[in-house]
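As stored in my_file.pdb (PDB, N, CA, C and O atoms):
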```pdb
ATOM      1  N   ARG N 184      -6.745 -11.960  -8.548
ATOM      2  CA  ARG N 184      -6.844 -12.063  -9.987
ATOM      3  C   ARG N 184      -5.964 -11.007 -10.653
ATOM      4  O   ARG N 184      -5.161 -11.323 -11.500
ATOM      5  N   LEU N 185      -6.175  -9.762 -10.280
ATOM      6  CA  LEU N 185      -5.331  -8.682 -10.792
ATOM      7  C   LEU N 185      -4.784  -7.871  -9.631
ATOM      8  O   LEU N 185      -5.523  -7.512  -8.717
ATOM      9  N   GLY N 186      -3.500  -7.591  -9.697
ATOM     10  CA  GLY N 186      -2.862  -6.819  -8.644
ATOM     11  C   GLY N 186      -2.783  -5.350  -9.006
ATOM     12  O   GLY N 186      -3.331  -4.896 -10.000
ATOM     13  N   VAL N 187      -2.095  -4.624  -8.179
ATOM     14  CA  VAL N 187      -1.921  -3.195  -8.389
ATOM     15  C   VAL N 187      -0.898  -2.972  -9.495
ATOM     16  O   VAL N 187       0.146  -3.611  -9.524
ATOM     17  N   SER N 188      -1.202  -2.060 -10.389
ATOM     18  CA  SER N 188      -0.303  -1.761 -11.505
ATOM     19  C   SER N 188       0.779  -0.777 -11.065
ATOM     20  O   SER N 188       0.769  -0.266  -9.939
ATOM     21  N   VAL N 189       1.685  -0.505 -11.972
ATOM     22  CA  VAL N 189       2.725   0.494 -11.720
ATOM     23  C   VAL N 189       2.074   1.849 -11.466
ATOM     24  O   VAL N 189       2.513   2.606 -10.600
ATOM     25  N   ARG N 190       1.020   2.157 -12.208
ATOM     26  CA  ARG N 190       0.311   3.417 -12.001
ATOM     27  C   ARG N 190      -0.246   3.497 -10.580
ATOM     28  O   ARG N 190      -0.252   4.559  -9.966
ATOM     29  N   GLY N 191      -0.719   2.384 -10.049
ATOM     30  CA  GLY N 191      -1.219   2.352  -8.678
ATOM     31  C   GLY N 191      -0.109   2.618  -7.677
ATOM     32  O   GLY N 191      -0.302   3.355  -6.697
ATOM     33  N   ALA N 192       1.043   2.018  -7.913
ATOM     34  CA  ALA N 192       2.185   2.234  -7.022
ATOM     35  C   ALA N 192       2.633   3.693  -7.077
ATOM     36  O   ALA N 192       2.949   4.292  -6.039
ATOM     37  N   LEU N 193       2.637   4.271  -8.264
ATOM     38  CA  LEU N 193       3.006   5.679  -8.402
ATOM     39  C   LEU N 193       1.988   6.588  -7.707
ATOM     40  O   LEU N 193       2.357   7.603  -7.113
ATOM     41  N   ALA N 194       0.718   6.218  -7.778
ATOM     42  CA  ALA N 194      -0.309   6.996  -7.085
ATOM     43  C   ALA N 194      -0.074   6.971  -5.583
ATOM     44  O   ALA N 194      -0.244   7.992  -4.894
ATOM     45  N   LEU N 195       0.325   5.812  -5.046
ATOM     46  CA  LEU N 195       0.620   5.702  -3.618
ATOM     47  C   LEU N 195       1.810   6.587  -3.250
ATOM     48  O   LEU N 195       1.792   7.281  -2.232
ATOM     49  N   VAL N 196       2.837   6.587  -4.078
ATOM     50  CA  VAL N 196       4.021   7.421  -3.812
ATOM     51  C   VAL N 196       3.641   8.901  -3.830
ATOM     52  O   VAL N 196       4.028   9.664  -2.935
ATOM     53  N   ARG N 197       2.864   9.311  -4.827
ATOM     54  CA  ARG N 197       2.452  10.717  -4.907
ATOM     55  C   ARG N 197       1.600  11.119  -3.704
ATOM     56  O   ARG N 197       1.776  12.196  -3.133
ATOM     57  N   ALA N 198       0.681  10.256  -3.319
ATOM     58  CA  ALA N 198      -0.174  10.552  -2.165
ATOM     59  C   ALA N 198       0.656  10.643  -0.886
ATOM     60  O   ALA N 198       0.426  11.521  -0.043
ATOM     61  N   ALA N 199       1.638   9.754  -0.740
ATOM     62  CA  ALA N 199       2.495   9.768   0.451
ATOM     63  C   ALA N 199       3.347  11.038   0.495
ATOM     64  O   ALA N 199       3.512  11.645   1.568
ATOM     65  N   LYS N 200       3.855  11.458  -0.639
ATOM     66  CA  LYS N 200       4.635  12.697  -0.685
ATOM     67  C   LYS N 200       3.761  13.899  -0.335
ATOM     68  O   LYS N 200       4.198  14.813   0.359
ATOM     69  N   THR N 201       2.526  13.881  -0.815
ATOM     70  CA  THR N 201       1.601  14.971  -0.510
ATOM     71  C   THR N 201       1.277  15.005   0.979
ATOM     72  O   THR N 201       1.251  16.086   1.601
ATOM     73  N   LEU N 202       1.031  13.841   1.575
ATOM     74  CA  LEU N 202       0.757  13.777   3.014
ATOM     75  C   LEU N 202       1.958  14.261   3.819
ATOM     76  O   LEU N 202       1.800  15.005   4.796
ATOM     77  N   ALA N 203       3.152  13.859   3.412
ATOM     78  CA  ALA N 203       4.359  14.302   4.113
ATOM     79  C   ALA N 203       4.493  15.824   4.032
ATOM     80  O   ALA N 203       4.774  16.482   5.044
ATOM     81  N   ALA N 204       4.270  16.390   2.860
ATOM     82  CA  ALA N 204       4.373  17.840   2.700
ATOM     83  C   ALA N 204       3.313  18.556   3.533
ATOM     84  O   ALA N 204       3.595  19.578   4.172
ATOM     85  N   ALA N 205       2.105  18.004   3.563
ATOM     86  CA  ALA N 205       1.035  18.599   4.370
ATOM     87  C   ALA N 205       1.355  18.526   5.856
ATOM     88  O   ALA N 205       0.865  19.344   6.642
ATOM     89  N   SER N 206       2.196  17.561   6.229
ATOM     90  CA  SER N 206       2.604  17.412   7.629
ATOM     91  C   SER N 206       3.871  18.202   7.937
ATOM     92  O   SER N 206       4.436  18.078   9.030
ATOM     93  N   GLY N 207       4.363  18.968   6.955
ATOM     94  CA  GLY N 207       5.549  19.793   7.160
ATOM     95  C   GLY N 207       6.862  19.061   7.026
ATOM     96  O   GLY N 207       7.884  19.513   7.515
ATOM     97  N   ARG N 208       6.838  17.901   6.358
ATOM     98  CA  ARG N 208       8.066  17.119   6.176
ATOM     99  C   ARG N 208       8.464  17.091   4.707
ATOM    100  O   ARG N 208       7.624  17.187   3.833
ATOM    101  N   HIS N 209       9.761  16.927   4.470
ATOM    102  CA  HIS N 209      10.284  16.783   3.115
ATOM    103  C   HIS N 209      10.572  15.321   2.790
ATOM    104  O   HIS N 209      11.264  15.030   1.815
ATOM    105  N   TYR N 210      10.062  14.419   3.594
ATOM    106  CA  TYR N 210      10.321  12.991   3.429
ATOM    107  C   TYR N 210       9.084  12.196   3.855
ATOM    108  O   TYR N 210       8.268  12.651   4.643
ATOM    109  N   VAL N 211       8.981  11.005   3.302
ATOM    110  CA  VAL N 211       7.870  10.098   3.607
ATOM    111  C   VAL N 211       8.321   9.126   4.687
ATOM    112  O   VAL N 211       9.455   8.643   4.665
ATOM    113  N   VAL N 212       7.433   8.844   5.636
ATOM    114  CA  VAL N 212       7.717   7.857   6.677
ATOM    115  C   VAL N 212       6.806   6.643   6.461
ATOM    116  O   VAL N 212       5.775   6.746   5.776
ATOM    117  N   PRO N 213       7.178   5.486   6.995
ATOM    118  CA  PRO N 213       6.349   4.287   6.805
ATOM    119  C   PRO N 213       4.886   4.473   7.202
ATOM    120  O   PRO N 213       3.993   3.921   6.561
ATOM    121  N   ASP N 214       4.628   5.269   8.225
ATOM    122  CA  ASP N 214       3.235   5.484   8.631
ATOM    123  C   ASP N 214       2.421   6.205   7.560
ATOM    124  O   ASP N 214       1.207   6.033   7.479
ATOM    125  N   ASP N 215       3.080   7.014   6.733
ATOM    126  CA  ASP N 215       2.376   7.659   5.613
ATOM    127  C   ASP N 215       1.862   6.595   4.645
ATOM    128  O   ASP N 215       0.709   6.632   4.216
ATOM    129  N   ILE N 216       2.727   5.648   4.329
ATOM    130  CA  ILE N 216       2.349   4.567   3.412
ATOM    131  C   ILE N 216       1.236   3.726   4.027
ATOM    132  O   ILE N 216       0.238   3.406   3.363
ATOM    133  N   LYS N 217       1.381   3.391   5.297
ATOM    134  CA  LYS N 217       0.374   2.558   5.971
ATOM    135  C   LYS N 217      -0.996   3.223   5.991
ATOM    136  O   LYS N 217      -2.014   2.566   5.794
ATOM    137  N   SER N 218      -1.029   4.518   6.218
ATOM    138  CA  SER N 218      -2.321   5.198   6.305
ATOM    139  C   SER N 218      -2.981   5.384   4.939
ATOM    140  O   SER N 218      -4.202   5.501   4.855
ATOM    141  N   LEU N 219      -2.191   5.386   3.882
ATOM    142  CA  LEU N 219      -2.731   5.639   2.547
ATOM    143  C   LEU N 219      -2.910   4.390   1.686
ATOM    144  O   LEU N 219      -3.611   4.442   0.675
ATOM    145  N   ALA N 220      -2.286   3.295   2.055
ATOM    146  CA  ALA N 220      -2.299   2.103   1.196
ATOM    147  C   ALA N 220      -3.713   1.631   0.880
ATOM    148  O   ALA N 220      -4.047   1.395  -0.292
ATOM    149  N   GLU N 221      -4.558   1.512   1.878
ATOM    150  CA  GLU N 221      -5.906   0.995   1.632
ATOM    151  C   GLU N 221      -6.748   1.944   0.772
ATOM    152  O   GLU N 221      -7.315   1.521  -0.225
ATOM    153  N   PRO N 222      -6.840   3.236   1.107
ATOM    154  CA  PRO N 222      -7.668   4.100   0.268
ATOM    155  C   PRO N 222      -7.142   4.287  -1.155
ATOM    156  O   PRO N 222      -7.918   4.504  -2.084
ATOM    157  N   VAL N 223      -5.822   4.207  -1.338
ATOM    158  CA  VAL N 223      -5.261   4.420  -2.674
ATOM    159  C   VAL N 223      -5.266   3.146  -3.514
ATOM    160  O   VAL N 223      -5.466   3.190  -4.728
ATOM    161  N   LEU N 224      -5.088   1.978  -2.883
ATOM    162  CA  LEU N 224      -4.880   0.749  -3.642
ATOM    163  C   LEU N 224      -6.060  -0.222  -3.683
ATOM    164  O   LEU N 224      -6.169  -1.011  -4.621
ATOM    165  N   ALA N 225      -6.929  -0.203  -2.697
ATOM    166  CA  ALA N 225      -7.962  -1.242  -2.581
ATOM    167  C   ALA N 225      -8.842  -1.346  -3.822
ATOM    168  O   ALA N 225      -9.154  -2.448  -4.276
ATOM    169  N   HIS N 226      -9.242  -0.222  -4.384
ATOM    170  CA  HIS N 226     -10.132  -0.281  -5.545
ATOM    171  C   HIS N 226      -9.421  -0.766  -6.804
ATOM    172  O   HIS N 226     -10.055  -1.048  -7.806
ATOM    173  N   ARG N 227      -8.099  -0.888  -6.736
ATOM    174  CA  ARG N 227      -7.328  -1.330  -7.902
ATOM    175  C   ARG N 227      -7.136  -2.848  -7.939
ATOM    176  O   ARG N 227      -6.627  -3.379  -8.913
ATOM    177  N   LEU N 228      -7.525  -3.549  -6.876
ATOM    178  CA  LEU N 228      -7.404  -5.004  -6.824
ATOM    179  C   LEU N 228      -8.688  -5.650  -7.328
ATOM    180  O   LEU N 228      -9.784  -5.244  -6.954
ATOM    181  N   VAL N 229      -8.537  -6.661  -8.162
ATOM    182  CA  VAL N 229      -9.684  -7.432  -8.657
ATOM    183  C   VAL N 229      -9.517  -8.856  -8.139
ATOM    184  O   VAL N 229      -8.521  -9.521  -8.432
ATOM    185  N   LEU N 230     -10.491  -9.310  -7.352
ATOM    186  CA  LEU N 230     -10.418 -10.628  -6.732
ATOM    187  C   LEU N 230     -11.110 -11.683  -7.579
ATOM    188  O   LEU N 230     -12.053 -11.387  -8.307
ATOM    189  N   ASP N 231     -10.644 -12.914  -7.445
ATOM    190  CA  ASP N 231     -11.350 -14.051  -8.035
ATOM    191  C   ASP N 231     -12.674 -14.220  -7.312
ATOM    192  O   ASP N 231     -12.769 -13.955  -6.103
ATOM    193  N   PRO N 232     -13.701 -14.694  -8.003
ATOM    194  CA  PRO N 232     -14.989 -14.924  -7.334
ATOM    195  C   PRO N 232     -14.862 -15.866  -6.134
ATOM    196  O   PRO N 232     -15.540 -15.676  -5.123
ATOM    197  N   GLU N 233     -13.979 -16.867  -6.233
ATOM    198  CA  GLU N 233     -13.796 -17.802  -5.124
ATOM    199  C   GLU N 233     -13.296 -17.084  -3.871
ATOM    200  O   GLU N 233     -13.714 -17.389  -2.757
ATOM    201  N   ALA N 234     -12.388 -16.136  -4.063
ATOM    202  CA  ALA N 234     -11.865 -15.376  -2.923
ATOM    203  C   ALA N 234     -12.968 -14.532  -2.302
ATOM    204  O   ALA N 234     -13.081 -14.442  -1.080
ATOM    205  N   GLU N 235     -13.801 -13.937  -3.149
ATOM    206  CA  GLU N 235     -14.900 -13.125  -2.639
ATOM    207  C   GLU N 235     -15.880 -13.983  -1.839
ATOM    208  O   GLU N 235     -16.378 -13.558  -0.800
ATOM    209  N   PHE N 236     -16.154 -15.196  -2.329
ATOM    210  CA  PHE N 236     -17.054 -16.100  -1.605
ATOM    211  C   PHE N 236     -16.472 -16.507  -0.254
ATOM    212  O   PHE N 236     -17.208 -16.777   0.690
ATOM    213  N   ASP N 237     -15.138 -16.555  -0.178
ATOM    214  CA  ASP N 237     -14.472 -16.902   1.084
ATOM    215  C   ASP N 237     -14.370 -15.711   2.034
ATOM    216  O   ASP N 237     -13.811 -15.825   3.124
ATOM    217  N   GLY N 238     -14.880 -14.573   1.620
ATOM    218  CA  GLY N 238     -14.871 -13.394   2.480
ATOM    219  C   GLY N 238     -13.622 -12.544   2.390
ATOM    220  O   GLY N 238     -13.437 -11.631   3.198
ATOM    221  N   VAL N 239     -12.766 -12.825   1.428
ATOM    222  CA  VAL N 239     -11.556 -12.031   1.251
ATOM    223  C   VAL N 239     -11.950 -10.701   0.611
ATOM    224  O   VAL N 239     -12.757 -10.662  -0.317
ATOM    225  N   THR N 240     -11.373  -9.617   1.111
ATOM    226  CA  THR N 240     -11.630  -8.297   0.544
ATOM    227  C   THR N 240     -10.303  -7.654   0.146
ATOM    228  O   THR N 240      -9.244  -8.017   0.683
ATOM    229  N   PRO N 241     -10.347  -6.706  -0.775
ATOM    230  CA  PRO N 241      -9.106  -5.997  -1.106
ATOM    231  C   PRO N 241      -8.481  -5.335   0.123
ATOM    232  O   PRO N 241      -7.262  -5.348   0.291
ATOM    233  N   SER N 242      -9.309  -4.797   0.998
ATOM    234  CA  SER N 242      -8.785  -4.154   2.213
ATOM    235  C   SER N 242      -8.060  -5.151   3.112
ATOM    236  O   SER N 242      -7.017  -4.832   3.694
ATOM    237  N   SER N 243      -8.592  -6.363   3.223
ATOM    238  CA  SER N 243      -7.932  -7.368   4.064
ATOM    239  C   SER N 243      -6.605  -7.818   3.459
ATOM    240  O   SER N 243      -5.655  -8.106   4.190
ATOM    241  N   ILE N 244      -6.532  -7.877   2.147
ATOM    242  CA  ILE N 244      -5.266  -8.243   1.478
ATOM    243  C   ILE N 244      -4.211  -7.182   1.755
ATOM    244  O   ILE N 244      -3.073  -7.494   2.110
ATOM    245  N   ILE N 245      -4.582  -5.922   1.606
ATOM    246  CA  ILE N 245      -3.632  -4.833   1.840
ATOM    247  C   ILE N 245      -3.203  -4.812   3.299
ATOM    248  O   ILE N 245      -2.015  -4.642   3.605
ATOM    249  N   ALA N 246      -4.140  -4.999   4.213
ATOM    250  CA  ALA N 246      -3.802  -5.026   5.638
ATOM    251  C   ALA N 246      -2.806  -6.143   5.941
ATOM    252  O   ALA N 246      -1.842  -5.942   6.697
ATOM    253  N   GLN N 247      -3.012  -7.319   5.360
ATOM    254  CA  GLN N 247      -2.098  -8.437   5.582
ATOM    255  C   GLN N 247      -0.718  -8.138   5.003
ATOM    256  O   GLN N 247       0.301  -8.436   5.638
ATOM    257  N   LEU N 248      -0.657  -7.545   3.830
ATOM    258  CA  LEU N 248       0.626  -7.185   3.237
ATOM    259  C   LEU N 248       1.383  -6.177   4.098
ATOM    260  O   LEU N 248       2.604  -6.279   4.260
ATOM    261  N   LEU N 249       0.666  -5.214   4.642
ATOM    262  CA  LEU N 249       1.318  -4.232   5.506
ATOM    263  C   LEU N 249       1.852  -4.869   6.779
ATOM    264  O   LEU N 249       2.905  -4.463   7.287
ATOM    265  N   LEU N 250       1.146  -5.873   7.299
ATOM    266  CA  LEU N 250       1.628  -6.581   8.490
ATOM    267  C   LEU N 250       2.873  -7.406   8.194
ATOM    268  O   LEU N 250       3.771  -7.522   9.029
ATOM    269  N   GLU N 251       2.925  -7.995   7.009
ATOM    270  CA  GLU N 251       4.016  -8.901   6.658
ATOM    271  C   GLU N 251       5.253  -8.193   6.115
ATOM    272  O   GLU N 251       6.315  -8.802   6.030
ATOM    273  N   THR N 252       5.125  -6.944   5.717
ATOM    274  CA  THR N 252       6.245  -6.228   5.102
ATOM    275  C   THR N 252       6.887  -5.312   6.132
ATOM    276  O   THR N 252       6.265  -4.352   6.585
ATOM    277  N   PRO N 253       8.133  -5.588   6.479
ATOM    278  CA  PRO N 253       8.797  -4.726   7.466
ATOM    279  C   PRO N 253       9.158  -3.380   6.852
ATOM    280  O   PRO N 253       9.435  -3.291   5.657
ATOM    281  N   PRO N 254       9.180  -2.339   7.662
ATOM    282  CA  PRO N 254       9.605  -1.029   7.141
ATOM    283  C   PRO N 254      11.101  -1.069   6.839
ATOM    284  O   PRO N 254      11.827  -1.903   7.378
ATOM    285  N   PRO N 255      11.562  -0.184   5.987
ATOM    286  CA  PRO N 255      13.007  -0.172   5.680
ATOM    287  C   PRO N 255      13.801   0.210   6.919
ATOM    288  O   PRO N 255      13.320   0.935   7.805
ATOM    289  N   SER N 256      15.006  -0.309   6.990
ATOM    290  CA  SER N 256      15.879   0.007   8.122
ATOM    291  C   SER N 256      17.032   0.879   7.644
ATOM    292  O   SER N 256      17.269   1.017   6.442
ATOM    293  N   ASP N 257      17.749   1.436   8.592
ATOM    294  CA  ASP N 257      18.891   2.281   8.262
ATOM    295  C   ASP N 257      20.098   1.461   7.819
ATOM    296  O   ASP N 257      21.003   1.961   7.185
ATOM    297  N   ARG N 258      20.090   0.190   8.193
ATOM    298  CA  ARG N 258      21.224  -0.679   7.867
ATOM    299  C   ARG N 258      21.057  -1.240   6.456
ATOM    300  O   ARG N 258      19.977  -1.627   6.049
ATOM    301  N   GLN N 259      22.133  -1.283   5.742
ATOM    302  CA  GLN N 259      22.108  -1.863   4.414
ATOM    303  C   GLN N 259      22.602  -3.298   4.474
ATOM    304  O   GLN N 259      23.479  -3.622   5.260
ATOM    305  N   ALA N 260      22.020  -4.146   3.646
ATOM    306  CA  ALA N 260      22.448  -5.540   3.600
ATOM    307  C   ALA N 260      23.864  -5.640   3.064
ATOM    308  O   ALA N 260      24.261  -4.912   2.182
ATOM    309  N   VAL N 261      24.611  -6.541   3.658
ATOM    310  CA  VAL N 261      26.003  -6.721   3.219
ATOM    311  C   VAL N 261      26.112  -8.019   2.465
ATOM    312  O   VAL N 261      25.564  -8.995   2.755
TER     313      VAL N 261
END
```
Structure re-expressed in structure tokens:
Amino acid sequence: RLGVSVRGALALVRAAKTLAAASGRHYVVPDDIKSLAEPVLAHRLVLDPEAEFDGVTPSSIIAQLLLETPPPSDRQAV
């Protein structure tokens, strides 16, 4: 019904940068995003009642998106 807003995406970026800094890095890696996506974004999703009746949860949606989205590569598209 409602997806994550720009503010939600910015919160994920800030959390990932904080995790990277806490890990002694000056850069974010895909695993930072994967570990933080559910706790940062799940409460920001609003599901249709039909989806809830079918057993869909915000956490399952985020997990599926993470599975379907490949991490960035070093190669640029030509």
Given the file shown, determine the residues that the PyMOL selection byres ((chain N and resi 215) around 8) selects; report them as a PyMOL selection string. chain N and resi 195+198-200+202-203+210-214+216-221
Those same residues, written as an mmCIF file, in the coordinates of the input with N, CA, C and O atoms?
```
data_model
loop_
_atom_site.group_PDB
_atom_site.id
_atom_site.type_symbol
_atom_site.label_atom_id
_atom_site.label_comp_id
_atom_site.auth_asym_id
_atom_site.auth_seq_id
_atom_site.Cartn_x
_atom_site.Cartn_y
_atom_site.Cartn_z
ATOM 1 N N LEU N 195 0.325 5.812 -5.046
ATOM 2 C CA LEU N 195 0.620 5.702 -3.618
ATOM 3 C C LEU N 195 1.810 6.587 -3.250
ATOM 4 O O LEU N 195 1.792 7.281 -2.232
ATOM 5 N N ALA N 198 0.681 10.256 -3.319
ATOM 6 C CA ALA N 198 -0.174 10.552 -2.165
ATOM 7 C C ALA N 198 0.656 10.643 -0.886
ATOM 8 O O ALA N 198 0.426 11.521 -0.043
ATOM 9 N N ALA N 199 1.638 9.754 -0.740
ATOM 10 C CA ALA N 199 2.495 9.768 0.451
ATOM 11 C C ALA N 199 3.347 11.038 0.495
ATOM 12 O O ALA N 199 3.512 11.645 1.568
ATOM 13 N N LYS N 200 3.855 11.458 -0.639
ATOM 14 C CA LYS N 200 4.635 12.697 -0.685
ATOM 15 C C LYS N 200 3.761 13.899 -0.335
ATOM 16 O O LYS N 200 4.198 14.813 0.359
ATOM 17 N N LEU N 202 1.031 13.841 1.575
ATOM 18 C CA LEU N 202 0.757 13.777 3.014
ATOM 19 C C LEU N 202 1.958 14.261 3.819
ATOM 20 O O LEU N 202 1.800 15.005 4.796
ATOM 21 N N ALA N 203 3.152 13.859 3.412
ATOM 22 C CA ALA N 203 4.359 14.302 4.113
ATOM 23 C C ALA N 203 4.493 15.824 4.032
ATOM 24 O O ALA N 203 4.774 16.482 5.044
ATOM 25 N N TYR N 210 10.062 14.419 3.594
ATOM 26 C CA TYR N 210 10.321 12.991 3.429
ATOM 27 C C TYR N 210 9.084 12.196 3.855
ATOM 28 O O TYR N 210 8.268 12.651 4.643
ATOM 29 N N VAL N 211 8.981 11.005 3.302
ATOM 30 C CA VAL N 211 7.870 10.098 3.607
ATOM 31 C C VAL N 211 8.321 9.126 4.687
ATOM 32 O O VAL N 211 9.455 8.643 4.665
ATOM 33 N N VAL N 212 7.433 8.844 5.636
ATOM 34 C CA VAL N 212 7.717 7.857 6.677
ATOM 35 C C VAL N 212 6.806 6.643 6.461
ATOM 36 O O VAL N 212 5.775 6.746 5.776
ATOM 37 N N PRO N 213 7.178 5.486 6.995
ATOM 38 C CA PRO N 213 6.349 4.287 6.805
ATOM 39 C C PRO N 213 4.886 4.473 7.202
ATOM 40 O O PRO N 213 3.993 3.921 6.561
ATOM 41 N N ASP N 214 4.628 5.269 8.225
ATOM 42 C CA ASP N 214 3.235 5.484 8.631
ATOM 43 C C ASP N 214 2.421 6.205 7.560
ATOM 44 O O ASP N 214 1.207 6.033 7.479
ATOM 45 N N ILE N 216 2.727 5.648 4.329
ATOM 46 C CA ILE N 216 2.349 4.567 3.412
ATOM 47 C C ILE N 216 1.236 3.726 4.027
ATOM 48 O O ILE N 216 0.238 3.406 3.363
ATOM 49 N N LYS N 217 1.381 3.391 5.297
ATOM 50 C CA LYS N 217 0.374 2.558 5.971
ATOM 51 C C LYS N 217 -0.996 3.223 5.991
ATOM 52 O O LYS N 217 -2.014 2.566 5.794
ATOM 53 N N SER N 218 -1.029 4.518 6.218
ATOM 54 C CA SER N 218 -2.321 5.198 6.305
ATOM 55 C C SER N 218 -2.981 5.384 4.939
ATOM 56 O O SER N 218 -4.202 5.501 4.855
ATOM 57 N N LEU N 219 -2.191 5.386 3.882
ATOM 58 C CA LEU N 219 -2.731 5.639 2.547
ATOM 59 C C LEU N 219 -2.910 4.390 1.686
ATOM 60 O O LEU N 219 -3.611 4.442 0.675
ATOM 61 N N ALA N 220 -2.286 3.295 2.055
ATOM 62 C CA ALA N 220 -2.299 2.103 1.196
ATOM 63 C C ALA N 220 -3.713 1.631 0.880
ATOM 64 O O ALA N 220 -4.047 1.395 -0.292
ATOM 65 N N GLU N 221 -4.558 1.512 1.878
ATOM 66 C CA GLU N 221 -5.906 0.995 1.632
ATOM 67 C C GLU N 221 -6.748 1.944 0.772
ATOM 68 O O GLU N 221 -7.315 1.521 -0.225
#
```
Hey, what's within 7 Å of stretch 236-242 of chain N if we count only N, CA, C and O atoms and toss same-chain stuff fewer than 6 positions away? As a ChimeraX atom specification, please? /N:221,224-226,228,230,248
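Atom O of N:Ser188 to atom O of N:Thr252 spans 17.9 Å [interatomic distance, one decimal].
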Pull the helix (DSSP H, G or I) assignments for chain N out of DSSP run on the backbone, and list those residues as a PyMOL selection string. chain N and resi 189-205+213-227+232-236+241-251
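Atom to atom, atom C of N:Asp231 and atom CA of N:Gly186 stand 12.4 Å apart.
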What is the atom C of N:Glu233 to atom C of N:Arg184 distance in Å? 11.7 Å
